[in-house]
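Listing of query-v4.cif; format and content: mmCIF, C-alpha atoms.
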data_model
#
loop_
_atom_site.label_atom_id
_atom_site.label_comp_id
_atom_site.auth_asym_id
_atom_site.auth_seq_id
_atom_site.Cartn_x
_atom_site.Cartn_y
_atom_site.Cartn_z
CA MET A 1 88.35 127.25 91.92
CA ARG A 2 91.28 124.95 92.35
CA ASP A 3 94.28 126.13 94.40
CA LYS A 4 97.03 127.56 92.19
CA PHE A 5 95.14 126.31 89.14
CA TRP A 6 97.28 128.51 86.88
CA GLU A 7 100.31 126.34 87.71
CA THR A 8 98.67 123.05 86.78
CA VAL A 9 95.87 123.72 84.30
CA LYS A 10 96.59 124.59 80.67
CA LEU A 11 95.01 127.84 79.54
CA LYS A 12 92.80 126.02 77.03
CA ASN A 13 91.50 123.71 79.78
CA MET A 14 90.55 126.38 82.32
CA THR A 15 86.98 126.87 83.36
CA PRO A 16 85.44 130.24 82.44
CA GLN A 17 85.75 131.24 86.11
CA GLU A 18 89.46 130.34 86.19
CA TRP A 19 90.10 132.12 82.89
CA GLU A 20 88.45 135.32 84.11
CA ALA A 21 90.30 135.09 87.45
CA LEU A 22 93.62 135.46 85.63
CA CYS A 23 92.87 139.11 84.90
CA ASP A 24 94.90 141.10 87.42
CA GLY A 25 92.97 144.34 86.87
CA CYS A 26 95.92 146.36 85.59
CA GLY A 27 93.83 148.07 82.88
CA LYS A 28 96.74 148.03 80.42
CA CYS A 29 94.83 146.05 77.81
CA CYS A 30 92.32 148.93 77.72
CA LEU A 31 94.99 151.42 76.69
CA ASN A 32 94.90 152.45 73.07
CA LYS A 33 97.90 151.25 71.16
CA ILE A 34 99.66 152.29 68.00
CA GLU A 35 101.00 149.60 65.70
CA PHE A 36 103.79 150.85 63.47
CA GLU A 37 103.33 149.19 60.08
CA ASP A 38 106.99 149.33 59.09
CA THR A 39 108.22 147.47 62.20
CA ASN A 40 105.01 145.81 63.51
CA GLU A 41 105.97 147.32 66.88
CA ILE A 42 103.16 147.92 69.35
CA ALA A 43 103.38 151.15 71.35
CA PHE A 44 101.14 151.77 74.34
CA THR A 45 99.62 155.17 75.02
CA ARG A 46 98.11 156.75 78.14
CA VAL A 47 94.88 157.11 76.15
CA ALA A 48 92.36 154.68 77.59
CA CYS A 49 89.18 153.18 76.23
CA LYS A 50 86.17 155.28 77.10
CA LEU A 51 84.85 152.42 79.24
CA LEU A 52 87.91 152.05 81.47
CA ASP A 53 87.35 153.14 85.06
CA GLY A 54 90.64 154.87 85.85
CA THR A 55 90.34 154.15 89.57
CA SER A 56 89.35 150.49 89.61
CA CYS A 57 91.20 149.73 86.34
CA PHE A 58 88.31 147.56 85.22
CA CYS A 59 85.85 148.03 82.37
CA SER A 60 82.81 149.98 83.55
CA LYS A 61 80.54 147.96 81.23
CA TYR A 62 82.40 144.66 80.98
CA GLU A 63 79.42 142.38 80.27
CA THR A 64 78.00 144.67 77.56
CA ARG A 65 81.24 146.36 76.40
CA ARG A 66 80.85 145.27 72.79
CA ASP A 67 77.56 147.18 72.61
CA TYR A 68 79.59 150.36 73.24
CA VAL A 69 82.93 149.37 71.69
CA PRO A 70 82.16 146.87 68.89
CA ASP A 71 85.83 146.24 68.12
CA CYS A 72 86.76 145.47 71.73
CA VAL A 73 88.88 142.33 71.65
CA GLN A 74 87.39 139.48 73.63
CA LEU A 75 90.36 137.48 74.83
CA THR A 76 89.81 133.72 74.66
CA PRO A 77 92.16 130.73 74.89
CA LYS A 78 91.70 130.21 71.15
CA LYS A 79 92.59 133.84 70.25
CA LEU A 80 95.46 134.17 72.72
CA PRO A 81 98.25 132.72 70.52
CA GLU A 82 97.54 135.19 67.72
CA ILE A 83 97.21 138.30 69.91
CA ALA A 84 99.53 137.63 72.86
CA TYR A 85 102.10 140.04 71.37
CA TRP A 86 99.51 142.82 71.70
CA LEU A 87 99.06 142.29 75.45
CA PRO A 88 101.29 144.01 78.00
CA LYS A 89 104.37 142.04 79.06
CA THR A 90 103.03 141.86 82.63
CA CYS A 91 99.68 140.35 81.59
CA ALA A 92 98.93 137.01 83.26
CA TYR A 93 97.45 135.59 80.06
CA ARG A 94 100.56 136.50 78.06
CA ARG A 95 102.96 135.37 80.78
CA LEU A 96 101.31 131.96 81.17
CA HIS A 97 101.11 131.58 77.38
CA GLU A 98 104.88 132.23 77.27
CA GLY A 99 105.54 129.72 80.08
CA LYS A 100 106.33 132.38 82.69
CA PRO A 101 104.96 132.55 86.25
CA LEU A 102 102.49 135.12 87.50
CA PRO A 103 104.13 138.28 88.84
CA ASP A 104 104.71 138.41 92.61
CA TRP A 105 102.12 141.20 92.93
CA HIS A 106 99.30 139.28 91.17
CA TYR A 107 96.30 139.00 93.47
CA LEU A 108 96.11 135.23 92.95
CA VAL A 109 99.59 135.08 94.53
CA THR A 110 99.09 137.72 97.24
CA GLY A 111 95.37 137.30 97.98
CA ASP A 112 95.04 141.10 97.81
CA ARG A 113 93.32 142.83 94.87
CA GLU A 114 95.16 146.04 95.78
CA SER A 115 98.63 144.49 95.46
CA ILE A 116 98.85 145.39 91.76
CA HIS A 117 98.20 149.04 92.57
CA LYS A 118 100.61 149.02 95.50
CA ALA A 119 103.26 147.65 93.13
CA GLN A 120 102.40 150.47 90.69
CA ALA A 121 101.80 147.87 87.99
CA SER A 122 98.38 149.20 86.98
CA VAL A 123 97.18 152.27 85.11
CA ARG A 124 95.44 153.69 88.16
CA GLY A 125 95.44 157.47 88.13
CA TRP A 126 97.41 158.22 84.96
CA THR A 127 95.20 157.54 81.96
CA VAL A 128 93.42 160.01 79.72
CA PRO A 129 89.98 159.01 78.35
CA GLU A 130 89.96 158.57 74.57
CA TYR A 131 87.11 161.03 74.15
CA GLN A 132 89.47 163.79 75.36
CA VAL A 133 92.21 163.11 72.78
CA SER A 134 92.04 163.09 69.01
CA GLU A 135 93.41 159.88 67.50
CA ASP A 136 95.80 162.06 65.49
CA ASP A 137 97.41 163.12 68.79
CA TRP A 138 97.86 159.65 70.35
CA GLU A 139 101.59 159.69 69.58
CA ASP A 140 101.87 162.59 72.05
CA TYR A 141 100.75 160.14 74.77
CA LEU A 142 103.16 157.26 74.14
CA ILE A 143 104.48 155.52 77.24
CA GLU A 144 107.30 153.13 77.93
CA GLU A 145 105.82 149.76 78.72
CA THR A 146 107.25 148.32 81.90
CA PRO A 147 108.54 144.72 81.75
#
Could you show the structure in this file as structure tokens?
Amino acid sequence: MRDKFWETVKLKNMTPQEWEALCDGCGKCCLNKIEFEDTNEIAFTRVACKLLDGTSCFCSKYETRRDYVPDCVQLTPKKLPEIAYWLPKTCAYRRLHEGKPLPDWHYLVTGDRESIHKAQASVRGWTVPEYQVSEDDWEDYLIEETP
């Protein structure tokens, strides 16, 4: 990978390895969300996809996730413009799409995969697996998204 590739390479021109490297491992994209039809607002919940590992904050079946969760969104450079609003505000893909820099705690900046957890910018330790909560009760698990 090229040094600081995210500062010089457009998202659509990244190699698959560079694209995947942007994921900071926060786990926020694996949180179930509620979209309010009247306002189109997206609200995040503490209810996580059944495949999210709450300790590592990565998908436990990433390569085969769509076998288990058919509607799992596969983020690609082509899809990013239409779904960026759905991603957390701290997400590297969303931030770069919006012309913003990576957060100071991003592992590509720090060189430390644990820096996101040390900065308390991940979902480590506070999610509830979706199989434990009825979808009718998700509103009871709404969280304030951090900027």
Discussion item. Could you check the closest approach to Tyr141 of chain A for each of A:Ala43, A:Leu22, A:Leu102, A:Leu52 and tell me which residue wins, using all atoms listed in the file?
Written reply: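 Of all the options, A:Ala43 lies closest to Tyr141 of chain A.
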Item to complete: Can you pull out every residue within 12 Å of Glu41 of chain A, counting only C-alpha atoms, but drop anything in the same chain fewer than 5 positions away, and send it as a ChimeraX atom specification?
Response: /A:33-36,85-86
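If all atoms listed in the file are the atoms counted, then among A:Arg65, A:Pro70, A:Gly25, A:Thr127 the closest residue to Trp105 of chain A is A:Gly25.
Note that atom CA of Thr15 of chain A and atom CA of Cys72 of chain A are 21.9 Å apart.
Reported to one decimal place, the separation of atom CA of Val47 of chain A from atom CA of Glu98 of chain A is 26.8 Å.
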Item to complete: Run the PyMOL selection byres ((chain A and resi 92) around 8) on the file and write out the hits as a PyMOL selection string.
Response: chain A and resi 22-24+90-91+93-96+102-103
Result set, the PyMOL selection byres ((chain A and resi 45) around 12) on current file, as an mmCIF file with C-alpha atoms, keeping the file's coordinate frame:
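Contents of the output file out.cif:
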data_model
loop_
_atom_site.group_PDB
_atom_site.id
_atom_site.type_symbol
_atom_site.label_atom_id
_atom_site.label_comp_id
_atom_site.auth_asym_id
_atom_site.auth_seq_id
_atom_site.Cartn_x
_atom_site.Cartn_y
_atom_site.Cartn_z
ATOM 1 C CA LYS A 28 96.740 148.030 80.420
ATOM 2 C CA CYS A 29 94.830 146.050 77.810
ATOM 3 C CA CYS A 30 92.320 148.930 77.720
ATOM 4 C CA LEU A 31 94.990 151.420 76.690
ATOM 5 C CA ASN A 32 94.900 152.450 73.070
ATOM 6 C CA LYS A 33 97.900 151.250 71.160
ATOM 7 C CA ILE A 34 99.660 152.290 68.000
ATOM 8 C CA GLU A 35 101.000 149.600 65.700
ATOM 9 C CA ILE A 42 103.160 147.920 69.350
ATOM 10 C CA ALA A 43 103.380 151.150 71.350
ATOM 11 C CA PHE A 44 101.140 151.770 74.340
ATOM 12 C CA ARG A 46 98.110 156.750 78.140
ATOM 13 C CA VAL A 47 94.880 157.110 76.150
ATOM 14 C CA ALA A 48 92.360 154.680 77.590
ATOM 15 C CA CYS A 49 89.180 153.180 76.230
ATOM 16 C CA PRO A 88 101.290 144.010 78.000
ATOM 17 C CA VAL A 123 97.180 152.270 85.110
ATOM 18 C CA TRP A 126 97.410 158.220 84.960
ATOM 19 C CA THR A 127 95.200 157.540 81.960
ATOM 20 C CA VAL A 128 93.420 160.010 79.720
ATOM 21 C CA PRO A 129 89.980 159.010 78.350
ATOM 22 C CA GLU A 130 89.960 158.570 74.570
ATOM 23 C CA VAL A 133 92.210 163.110 72.780
ATOM 24 C CA GLU A 135 93.410 159.880 67.500
ATOM 25 C CA ASP A 137 97.410 163.120 68.790
ATOM 26 C CA TRP A 138 97.860 159.650 70.350
ATOM 27 C CA GLU A 139 101.590 159.690 69.580
ATOM 28 C CA ASP A 140 101.870 162.590 72.050
ATOM 29 C CA TYR A 141 100.750 160.140 74.770
ATOM 30 C CA LEU A 142 103.160 157.260 74.140
ATOM 31 C CA ILE A 143 104.480 155.520 77.240
ATOM 32 C CA GLU A 144 107.300 153.130 77.930
ATOM 33 C CA GLU A 145 105.820 149.760 78.720
#
Worksheet item: Selected by the PyMOL selection byres ((chain A and resi 124) around 8) in the shown coordinates: which residues, as a ChimeraX atom specification?
Response: /A:26-27,54-57,117,122-123,125-127
Worksheet item: From the set A:Tyr131, A:Pro16, A:Asp136, A:His106, which residue has the shortest atom-to-atom contact distance to Ala119 of chain A, counting only C-alpha atoms?
Response: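 Checking each of A:Tyr131, A:Pro16, A:Asp136, A:His106 against Ala119 of chain A, counting only C-alpha atoms, the winner is A:His106.
Take atom CA of Gly111 of chain A and atom CA of Lys78 of chain A: the distance between them is 28.0 Å.
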Worksheet item: Of the candidates A:Gln132, A:Val69, A:Leu80, A:Asp104, which one gets nearest to Trp19 of chain A if we count only C-alpha atoms?
Response: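 Of the candidates, the smallest distance to Trp19 of chain A is held by A:Leu80.
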Emit as lines of an AutoDock Vina configuration file the padded axis-aligned box for all listed atoms of segment 82-97 of chain A, 3 Å per side, with centre and edge lengths in Å to one decimal.
center_x = 100.8
center_y = 137.8
center_z = 75.5
size_x = 13.2
size_y = 18.4
size_z = 21.5
Worksheet, complete the sentence: Counting all atoms listed in the file, the residue among A:Val9, A:Gln120, A:Lys89, A:Tyr68 that lies closest to Lys50 of chain A is A:Tyr68
